[in-house]
Amino acid sequence: MLIVDRLNLIVNEINQFLKGSYLNRIECLNEYDYIFRFSRAKEKSIFISLNVRNPFIELLTKKYNFSSSSSFYIKLKAKLLNACLTNAYVLNNDNIIVLEFNKTTDTYDKVHYKLIFEIFKSNPNLILLNDNKIEEAFRFKGIDTHHPIVKNMIYESPIKVGDSKELQEKDTTYWKNYVASLEQKYLSDKYKFINVEIKRKLKSLTKKVEKIKEDQLEAQNKLVYKDYGDYFLTILSEVKRGDSYFDYYGTNVKINETYSPSDNLNYLYKTYKKAKLTIQSTKEYLDKTLDEISYLNSILSSLDYLNDDDYQELLLELLDKKIVKNHGQKKPKNIKNAAKPYFISFNNIRIGFGKNSLQNDKLTFDYARKDDYFLHIKNNHGNHVIIFDSNPTDEVIKFALQFCVFLSHQKDGEVIYAKVKTIKKGNQPGLVKLSNYESYNIKSIDYDFEEIITKAGRF
């Protein structure tokens, strides 16, 4: 199919469902993406994307729970809102769609508008004409350009160069993914500070781990001071105040020349005891720090699947733990559903998963039964996954294993598979201790989990 043929199909559908209806809502999702909603066929709306990489137009049924603004959007809204769509067509058999509107002003004047969408890669444009004169534009262009767009100038379409190109599968895939990712991009930008502060905290903790390991290595090297002390005791009568070292089987061991021999003996044993205590204390400190790093990494790995409520729940958790600062946002109140995990269904079996550490804990230790099955990506960060069935079929197990890999942002990997009754809580929320499990190597993902996860429910 040619691209222009696809555009003709879209305008035919617009005329079929929306012609003669009123534009009762315009939404600006971001700088480049706009939605036009009409009084008729409310389940359908016109989506226009002016992204320079691959601009496109679609009829969408999807609704978004967020909005943005821009000066162009405000002007477009002021001019076109409540106008009646009278026609849609492809201009000059080119990548240009025209939407015609009639609007009655407050003074009962009739205004005829045309909204021109030039769908050109690297140079898309949305232009509003009033009786064929340019009134507003997404991008104005100077008179010295090959296709000038100047206010109050009569619009002339660009000269068509060559035949319309074939529609590529990569284009349709791009458009589908683009539409699906819009909300996530908005949320990622809105809550960018969470990502930034977690990464800053991880950087600090990583440096802390390096320092702990340096201290451990230094302490490990000083355990030999016990041997020094034992040997020094055997030669104590030969050592005098003022000696700065003693010979230990060919190694000169430094001592304090201002100390008495017995004080130097105490110094050697104290150095050993301090090193031993350092190794013990730093091991606990290192384990705690590594658990915190794992906890924060597990949060980062789940950010791509969070909705606005999930982000609010996560923000509350991180504020309470003093991991992030507020950044001027209102602190979320105790959110009633914060701990409720999610689930999808496959062959009438529920597959549960958490989106944050609290949900992971609740899913595994409160919602799951002891004979259900626990899954988690091995040696990586990811969500808890529970098969709510004590005897799942091979098909259900395969589905859940692949879902676990998908949630961890991997294309393949090894997945832990264990009875819930063998799982114990770890030292940080969302972390677990395993005693007995199997593991499966997953080499590919066969299901469209991007689509499946959009239909997830909550317990």
# chains A, B, ... in the order shown; residues from 1 in each chain; ligands from 1
$ residues_around --residues "A:Val405" --least-positions-apart "6" --cutoff "12 Å" --atoms "only C-alpha atoms" --output "short mmCIF file (atom, residue, chain, number, x, y, z; two decimals) with C-alpha atoms, in the first residue's frame"
data_model
loop_
_atom_site.label_atom_id
_atom_site.label_comp_id
_atom_site.auth_asym_id
_atom_site.auth_seq_id
_atom_site.Cartn_x
_atom_site.Cartn_y
_atom_site.Cartn_z
CA SER A 301 13.82 -1.58 36.71
CA LEU A 375 9.15 -16.38 39.86
CA HIS A 376 11.96 -13.83 39.61
CA ILE A 377 14.66 -13.07 37.09
CA LYS A 378 17.93 -14.56 38.32
CA ASN A 379 20.97 -12.35 39.01
CA ASN A 380 19.10 -9.26 37.91
CA HIS A 381 16.53 -6.75 39.11
CA GLY A 382 12.87 -7.29 38.38
CA ASN A 383 9.36 -7.74 39.72
CA HIS A 384 8.00 -10.56 41.83
CA VAL A 385 5.70 -12.76 39.75
CA LYS A 398 6.03 -20.80 29.96
CA PHE A 399 3.83 -17.69 29.83
CA LYS A 411 15.04 -10.31 25.88
CA ASP A 412 16.24 -13.54 27.46
CA GLY A 413 17.52 -14.76 30.79
CA GLU A 414 17.39 -17.28 33.60
CA VAL A 415 14.27 -17.28 35.78
CA ILE A 416 13.90 -18.63 39.33
CA TYR A 440 14.67 -22.01 33.51
CA ASN A 441 16.58 -20.42 30.67
CA ILE A 442 14.27 -18.30 28.52
CA LYS A 443 15.70 -17.53 25.08
CA SER A 444 12.83 -15.56 23.53
CA ILE A 445 9.52 -13.84 24.30
CA ASP A 446 6.57 -15.08 22.26
CA TYR A 447 3.74 -12.95 23.69
CA PHE A 449 3.25 -8.31 26.85
#
$ residues_around --residues "stretch 207-213 of chain A" --least-positions-apart "4" --cutoff "9 Å" --atoms "only C-alpha atoms" --output "ChimeraX atom specification"
/A:202-203,217-218,282-283,285-286,289-290
$ residues_around --residues "A:Lys421" --least-positions-apart "4" --cutoff "8 Å" --atoms "only C-alpha atoms" --output "JSON, numbers by chain"
{"A": [369, 370, 371]}
$ write_last_selection --atoms "N, CA and C atoms" --output "PDB file, in the first residue's frame"
ATOM      1  N   ARG A 369      -0.589 -18.001  48.115  1.00  0.00           N
ATOM      2  CA  ARG A 369      -0.724 -19.146  49.020  1.00  0.00           C
ATOM      3  C   ARG A 369       0.571 -19.949  48.994  1.00  0.00           C
ATOM      4  N   LYS A 370       0.776 -20.760  50.012  1.00  0.00           N
ATOM      5  CA  LYS A 370       2.065 -21.442  50.166  1.00  0.00           C
ATOM      6  C   LYS A 370       2.368 -22.394  49.008  1.00  0.00           C
ATOM      7  N   ASP A 371       1.325 -22.917  48.329  1.00  0.00           N
ATOM      8  CA  ASP A 371       1.553 -23.853  47.225  1.00  0.00           C
ATOM      9  C   ASP A 371       1.511 -23.184  45.859  1.00  0.00           C
TER      10      ASP A 371
END
$ closest_residue --among "A:Ile143, A:Val98, A:Ile299, A:Leu407" --to "A:Lys199" --atoms "only C-alpha atoms"
A:Ile299
$ atom_distance --atom1 "atom CA of A:Asn130" --atom2 "atom CA of A:Tyr113"
4.8 Å
$ closest_residue --among "A:Ser122, A:Gln220, A:Gln410, A:Asn65" --to "A:Glu183" --atoms "only C-alpha atoms"
A:Asn65
$ atom_distance --atom1 "atom CA of A:Glu58" --atom2 "atom CA of A:Asp448"
21.4 Å
$ closest_atom_pairs --of "stretch 219-332 of chain A" --to "stretch 342-348 of chain A" --cutoff "12 Å" --atoms "only C-alpha atoms" --output "tab-separated table"
residue	atom	partner	partner_atom	distance
A:Tyr305	CA	A:Tyr342	CA	11.2
A:Leu306	CA	A:Tyr342	CA	11.1
A:Asn307	CA	A:Tyr342	CA	11.9
A:Asp310	CA	A:Tyr342	CA	10.8
$ write_last_selection --atoms "all heavy atoms" --output "tab-separated table (two decimals), in the first residue's frame"
chain	number	residue	atom	x	y	z
A	305	TYR	N	6.85	0.68	33.76
A	305	TYR	CA	5.49	0.14	33.78
A	305	TYR	C	4.59	0.84	34.80
A	305	TYR	O	3.50	0.36	35.10
A	305	TYR	CB	5.53	-1.36	34.06
A	305	TYR	CG	6.46	-2.10	33.13
A	305	TYR	CD1	7.57	-2.76	33.61
A	305	TYR	CD2	6.24	-2.09	31.76
A	305	TYR	CE1	8.44	-3.42	32.75
A	305	TYR	CE2	7.10	-2.74	30.89
A	305	TYR	CZ	8.19	-3.40	31.40
A	305	TYR	OH	9.05	-4.04	30.54
A	306	LEU	N	5.04	1.98	35.34
A	306	LEU	CA	4.25	2.67	36.35
A	306	LEU	C	3.27	3.64	35.72
A	306	LEU	O	3.60	4.34	34.76
A	306	LEU	CB	5.17	3.43	37.31
A	306	LEU	CG	6.23	2.64	38.07
A	306	LEU	CD1	6.89	3.52	39.11
A	306	LEU	CD2	5.66	1.39	38.71
A	307	ASN	N	2.05	3.69	36.26
A	307	ASN	CA	1.11	4.74	35.90
A	307	ASN	C	1.20	5.85	36.93
A	307	ASN	O	2.03	5.79	37.85
A	307	ASN	CB	-0.33	4.19	35.77
A	307	ASN	CG	-0.80	3.51	37.05
A	307	ASN	OD1	-0.47	3.94	38.16
A	307	ASN	ND2	-1.57	2.45	36.90
A	310	ASP	N	0.82	4.70	40.46
A	310	ASP	CA	1.99	3.95	40.90
A	310	ASP	C	3.13	4.88	41.30
A	310	ASP	O	3.82	4.65	42.29
A	310	ASP	CB	2.48	3.02	39.79
A	310	ASP	CG	1.47	1.95	39.43
A	310	ASP	OD1	0.74	1.50	40.32
A	310	ASP	OD2	1.40	1.58	38.24
$ atom_distance --atom1 "atom CA of A:Ser71" --atom2 "atom CA of A:Glu31"
9.7 Å
$ select_by_dssp --residues "stretch 210-426 of chain A" --states "strand (DSSP E)" --output "JSON, numbers by chain"
{"A": [245, 246, 247, 248, 251, 252, 253, 254, 342, 343, 344, 345, 346, 349, 350, 351, 352, 353, 373, 374, 375, 376, 377, 385, 386, 387, 413, 414, 415, 416, 417, 418, 419, 423, 424, 425]}
$ residues_around --residues "A:Asn132" --least-positions-apart "2" --cutoff "7 Å" --atoms "only C-alpha atoms" --output "list in words"
Leu129, Asn130, Ile134, Ile154 and Tyr155 of chain A
$ residues_around --residues "A:Ala418" --least-positions-apart "5" --cutoff "8 Å" --atoms "only C-alpha atoms" --output "number ranges by chain"
A: 373-375, 423, 436-438
$ residues_around --residues "A:Thr278" --least-positions-apart "2" --cutoff "9 Å" --atoms "only C-alpha atoms" --output "compact mmCIF listing (two decimals) with all heavy atoms, in the first residue's frame"
# COMPACT_ATOMS: atom_id res chain seq x y z
N ASP A 215 38.47 -0.80 53.26
CA ASP A 215 38.67 -0.98 54.71
C ASP A 215 38.80 -2.46 55.06
O ASP A 215 39.62 -2.84 55.90
CB ASP A 215 37.52 -0.36 55.49
CG ASP A 215 37.48 1.15 55.40
OD1 ASP A 215 38.51 1.74 55.00
OD2 ASP A 215 36.43 1.75 55.71
N GLN A 216 37.99 -3.29 54.40
CA GLN A 216 38.06 -4.73 54.65
C GLN A 216 39.42 -5.30 54.24
O GLN A 216 40.00 -6.12 54.95
CB GLN A 216 36.95 -5.45 53.88
CG GLN A 216 35.57 -5.34 54.51
CD GLN A 216 34.54 -6.14 53.75
OE1 GLN A 216 34.64 -6.31 52.54
NE2 GLN A 216 33.53 -6.62 54.45
N ALA A 219 42.00 -4.22 56.69
CA ALA A 219 41.86 -4.99 57.93
C ALA A 219 42.34 -6.42 57.73
O ALA A 219 42.99 -7.00 58.61
CB ALA A 219 40.41 -4.97 58.39
N GLN A 220 42.03 -7.02 56.57
CA GLN A 220 42.45 -8.38 56.27
C GLN A 220 43.97 -8.49 56.30
O GLN A 220 44.54 -9.46 56.82
CB GLN A 220 41.92 -8.79 54.89
CG GLN A 220 42.03 -10.27 54.59
CD GLN A 220 41.06 -11.12 55.38
OE1 GLN A 220 39.93 -10.69 55.62
NE2 GLN A 220 41.50 -12.28 55.81
N LYS A 273 43.14 -7.16 66.92
CA LYS A 273 41.75 -7.20 67.38
C LYS A 273 40.89 -6.17 66.65
O LYS A 273 39.74 -6.43 66.27
CB LYS A 273 41.68 -6.95 68.89
CG LYS A 273 42.22 -8.12 69.71
CD LYS A 273 42.19 -7.79 71.20
CE LYS A 273 42.76 -8.95 72.01
NZ LYS A 273 42.81 -8.64 73.46
N LYS A 274 41.46 -4.98 66.42
CA LYS A 274 40.73 -3.94 65.69
C LYS A 274 40.44 -4.38 64.26
O LYS A 274 39.34 -4.17 63.73
CB LYS A 274 41.53 -2.64 65.69
CG LYS A 274 40.80 -1.48 65.01
CD LYS A 274 41.64 -0.21 65.05
CE LYS A 274 40.92 0.92 64.34
NZ LYS A 274 41.74 2.16 64.31
N ALA A 275 41.41 -5.03 63.62
CA ALA A 275 41.23 -5.53 62.26
C ALA A 275 40.14 -6.58 62.22
O ALA A 275 39.29 -6.60 61.32
CB ALA A 275 42.54 -6.09 61.72
N LYS A 276 40.13 -7.48 63.22
CA LYS A 276 39.13 -8.54 63.27
C LYS A 276 37.73 -7.96 63.44
O LYS A 276 36.77 -8.37 62.77
CB LYS A 276 39.46 -9.49 64.42
CG LYS A 276 38.62 -10.76 64.44
CD LYS A 276 39.09 -11.69 65.55
CE LYS A 276 38.23 -12.96 65.58
NZ LYS A 276 38.66 -13.87 66.67
N GLN A 280 34.36 -7.94 60.84
CA GLN A 280 33.02 -8.36 61.26
C GLN A 280 31.99 -7.26 61.03
O GLN A 280 30.90 -7.49 60.47
CB GLN A 280 33.03 -8.78 62.73
CG GLN A 280 33.82 -10.06 62.98
CD GLN A 280 33.99 -10.35 64.47
OE1 GLN A 280 33.75 -9.48 65.32
NE2 GLN A 280 34.42 -11.56 64.78
N SER A 281 32.31 -6.04 61.48
CA SER A 281 31.34 -4.94 61.39
C SER A 281 31.12 -4.49 59.94
O SER A 281 29.99 -4.19 59.55
CB SER A 281 31.80 -3.75 62.23
OG SER A 281 33.03 -3.24 61.76
N THR A 282 32.19 -4.48 59.15
CA THR A 282 32.03 -4.03 57.77
C THR A 282 31.28 -5.05 56.93
O THR A 282 30.64 -4.68 55.94
CB THR A 282 33.40 -3.74 57.11
OG1 THR A 282 34.25 -4.88 57.26
CG2 THR A 282 34.05 -2.52 57.72
N LYS A 283 31.35 -6.33 57.30
CA LYS A 283 30.58 -7.34 56.57
C LYS A 283 29.09 -7.05 56.70
O LYS A 283 28.34 -7.06 55.72
CB LYS A 283 30.88 -8.74 57.08
CG LYS A 283 30.15 -9.83 56.29
CD LYS A 283 30.40 -11.19 56.84
CE LYS A 283 29.71 -12.26 55.98
NZ LYS A 283 28.27 -12.00 55.75
